[in-house]
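K.L.:
Once you've had a glance at the structure underneath, I'll fire off some questions.
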There are 2 protein chains.
Amino acid sequence: MEKVISTAVIKRLPRYYRYLGELRKKEVVRISSKELSERMNVTASQIRQDLNNFGGFGQQGYGYNVEYLYTEIGKILGLDQEHQVIIIGAGNLGQAIANYADFARRGFDIKAVFDVKPELIGKEIGDVKIRAMSELKEYVAKQKPDIVALALPKEHAVQVANDVVSWGVSAIWNFAPVELRLPKHVVVENVHLTESLMRLSYNIRAAKNKRDADAAQKATKEAKAESAATKE
Amino acid sequence: MEKVISTAVIKRLPRYYRYLGELRKKEVVRISSKELSERMNVTASQIRQDLNNFGGFGQQGYGYNVEYLYTEIGKILGLDQEHQVIIIGAGNLGQAIANYADFARRGFDIKAVFDVKPELIGKEIGDVKIRAMSELKEYVAKQKPDIVALALPKEHAVQVANDVVSWGVSAIWNFAPVELRLPKHVVVENVHLTESLMRLSYNIRAAKNKRDADAAQKATKEAKAESAATKE
DNA sequence: ACGGTTTTGTGCGTGCTTTCACATTGACAA
DNA sequence: TTGTCAATGTGAAAGCACGCACAAAACCGT
């Protein structure tokens with residue numbers, strides 16, 4: 001039986017992976033959890049504990065071999081295999097995703113882009129043509145893409161999600177601001193930009209409140225010092 | 001002194017907000033935590049506890065008033081005020097953000113877009129012109145934007161982030177795949193698409209492993225039943 | 001070959017998050 | 001007005017995640 005890994009750990013793994021990739025490029029051979037922790041925003045203990053969920057990658061007195069750890073985390077993340085990705089929606093966001101070169105480097109192959117708008121169909125994005133939505137069903141049935149990215153208005157996202165799932169897709173990268181309700185065997189990863197922006201907005205206000213509170217506290221402190229000085 | 005709200009709660013607030021917005025459009029007047037929880041992916045108890053961090057918005061025996069709760073959460077998230085946003089980087093991602101209408105609706109005003117590429121400068125995106133990076137410093141000093149969105153290659157993101165912060169910016173929406181190290185009064189919200197995709201990849205593999213394990217278990221079970229049947 | 005040093009892997013305690021469960025409050029109908 | 005029912009607000013338990021601290025292991029200089 002596979003051990004279940006907590007989502008908290010999974011969230012950090014890509015960060016480790018990215019950072020190790022940078023070290024690898026700089027031809028750093030070994031790294032200790034302490035050194036890693038100083039540059040990323042985690043404690044050394046947490047790094048060790050996270051990695052230990054998957055087995056002992058390190059060696060006492062030495063640390064971790066960068067190259068080895070990098071490929072191991074890559075395997076854990078499933079980056080040792082190619083993923084075929086199709087994008088539904090060739091608007092600005094869909095195009096941005098299609099053109100983002102980083103993905104291809106990690107083994108995510110953008111295979112096709114679909115849209116309803118007749119004026120977009122046939123146009124080239126990156127190195128794939130935009131296809132008509134009417135071709136989607138046949139394409140999915142034949143090519144069996146691993147991942148479907150939804151970059152379309154929320155009004156249509158739910159319907160399209162249900163469709164592609166019924167045609168056999170089991171992983172969805174959802175950019176539409178809706179909660180998709182899909183069978184539990186389907187894996188969904190949401191990117192909710194508006195929510196992200198709202199969190200930023202909240203934190204801006206929270207930071208402002210804190211500054212104001214600090215300033216007020218300082219003011220009363222000074223006032224106290226003032227009155228104490230007057231008393232004397 | 002302001003009570004500190006945990007980030008776990010803040011993460012969920014925009015979801016509540018979005019969902020309440022939808023209910024409001026459907027002219028739903030009241031909703032109970034139970035009803036809400038059934039449609040979103042949270043327990044009723046958690047909704048009540050989350051909301052109680054900010055005061056009692058509901059009424060026993062009745063539930064929550066959709067309109068009221070919507071505006072209250074809006075206030076908490078700081079959506080009752082306008083935010084001036086500028087975008088650095090007019091590539092695909094920068095353009096996608098600039099054109100995403102949802103933001104404007106929430107009070108996030110895209111005021112300007114900057115890029116280094118001469119061929120892009122002067123071009124219109126949405127209803128703003130792309131400006132030269134050389135104008136950035138003066139613009140920031142004069143217009144004091146509330147939020148700077150970084151949609152440029154990671155090589156330049158760090159430098160630009162440091163620059164705009166030194167010019168007085170205190171909130172950054174970062175799309176570049178780097179951890180920005182900025183003074184602690186600066187609020188940073190990261191959108192790391194590659195990490196998101198890697199998590200999806202992990203979950204695809206995890207789901208596959210689970211299916212295989214379940215299949216194997218079922219097989220041995222059947223084998224046992226078989227041998228038991230043979231014994232008799 | 002050996003001893004000091006480095007650094008992992010891990011048991012355990014602490015604090016935060018989530019869920020449960022229920023007393024309390026207010027709505028709504030008769 | 002009164003009784004019943006619905007749903008909140010909240011104390012307390014259960015469940016998790018995180019960080020500390022240290023024993024065990026391997027490195028490295030002498």
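Chain labels run A, B, ... following the order of the structure tokens; each chain numbers its residues from 1, and ligands are numbered from 1 in the order shown.
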Once you count only C-alpha atoms, what closest atom pair and distance in Å to one decimal does each residue of chain A within 6 Å of chain B have, with rows by chain and rising residue number, as a Markdown table?
P.N.:
```
| residue | atom | partner | partner_atom | distance |
| --- | --- | --- | --- | --- |
| A:Pro14 | CA | B:Glu195 | CA | 5.3 |
| A:Leu77 | CA | B:Tyr202 | CA | 4.4 |
| A:Gly78 | CA | B:Tyr202 | CA | 5.5 |
| A:Asn92 | CA | B:Ala96 | CA | 4.5 |
| A:Leu93 | CA | B:Ala96 | CA | 5.1 |
| A:Ala96 | CA | B:Asn92 | CA | 4.5 |
| A:Glu189 | CA | B:Leu200 | CA | 5.7 |
| A:Glu195 | CA | B:Pro14 | CA | 5.3 |
| A:Leu200 | CA | B:Glu189 | CA | 5.7 |
| A:Ser201 | CA | B:Gly78 | CA | 5.7 |
| A:Tyr202 | CA | B:Leu77 | CA | 4.4 |
```
K.L.:
Find the residues of chain B that sit at most 10 Å from chain D; for each, write down the nearest two atoms and how far apart they are in Å, to one decimal. Count only C-alpha atoms (C1' of nucleotides). Sort by chain, then by number going up, and give it as JSON lines.
P.N.:
```
{"residue": "B:Ser32", "atom": "CA", "partner": "D:DA7", "partner_atom": "C1'", "distance": 7.1}
{"residue": "B:Ser33", "atom": "CA", "partner": "D:DA7", "partner_atom": "C1'", "distance": 8.1}
{"residue": "B:Lys34", "atom": "CA", "partner": "D:DA7", "partner_atom": "C1'", "distance": 8.6}
{"residue": "B:Arg48", "atom": "CA", "partner": "D:DG9", "partner_atom": "C1'", "distance": 7.7}
{"residue": "B:Gln49", "atom": "CA", "partner": "D:DG9", "partner_atom": "C1'", "distance": 8.1}
{"residue": "B:Asn52", "atom": "CA", "partner": "D:DG9", "partner_atom": "C1'", "distance": 7.6}
{"residue": "B:Gly55", "atom": "CA", "partner": "D:DG9", "partner_atom": "C1'", "distance": 9.8}
{"residue": "B:Gly56", "atom": "CA", "partner": "D:DG9", "partner_atom": "C1'", "distance": 7.6}
{"residue": "B:Phe57", "atom": "CA", "partner": "D:DT8", "partner_atom": "C1'", "distance": 9.4}
{"residue": "B:Gly58", "atom": "CA", "partner": "D:DT8", "partner_atom": "C1'", "distance": 6.5}
{"residue": "B:Gln59", "atom": "CA", "partner": "D:DT8", "partner_atom": "C1'", "distance": 5.9}
{"residue": "B:Gln60", "atom": "CA", "partner": "D:DT8", "partner_atom": "C1'", "distance": 4.3}
{"residue": "B:Gly61", "atom": "CA", "partner": "D:DA7", "partner_atom": "C1'", "distance": 4.3}
{"residue": "B:Tyr62", "atom": "CA", "partner": "D:DA7", "partner_atom": "C1'", "distance": 6.2}
{"residue": "B:Gly63", "atom": "CA", "partner": "D:DA7", "partner_atom": "C1'", "distance": 6.0}
{"residue": "B:Tyr64", "atom": "CA", "partner": "D:DT8", "partner_atom": "C1'", "distance": 9.2}
```
K.L.:
From a backbone DSSP assignment, name each residue in region 19-196 of chain A labelled alpha helix (DSSP H), as JSON, numbers by chain.
P.N.:
{"A": [19, 20, 21, 22, 23, 24, 25, 33, 34, 35, 36, 37, 38, 39, 44, 45, 46, 47, 48, 49, 50, 51, 52, 66, 67, 68, 69, 70, 71, 72, 73, 74, 75, 76, 92, 93, 94, 95, 96, 97, 98, 99, 101, 102, 103, 104, 105, 136, 137, 138, 139, 140, 141, 142, 143, 154, 155, 156, 157, 158, 159, 160, 161, 162, 163, 164, 165, 166, 193, 194, 195, 196]}
K.L.:
Report, in Å with one decimal, the straight-line distance from CA of Lys137 (chain A) to CA of Asn174 (chain A).
P.N.:
18.5 Å
K.L.:
Hey, list the chain C side of the contact with chain A: 7 Å cut-off, only C-alpha atoms (C1' of nucleotides), answer as a list in words.
P.N.:
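Every residue of chain C that passes the 7 Å test is in DT6, DT7 and DT8 of chain C.
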K.L.:
Would you mind writing down, as an MDAnalysis selection string, each residue of region 33-147 of chain B that DSSP on the backbone assigns to strand (DSSP E)?
P.N.:
chainID B and resid 64:65 83:88 108:115 124:125 128:132 147
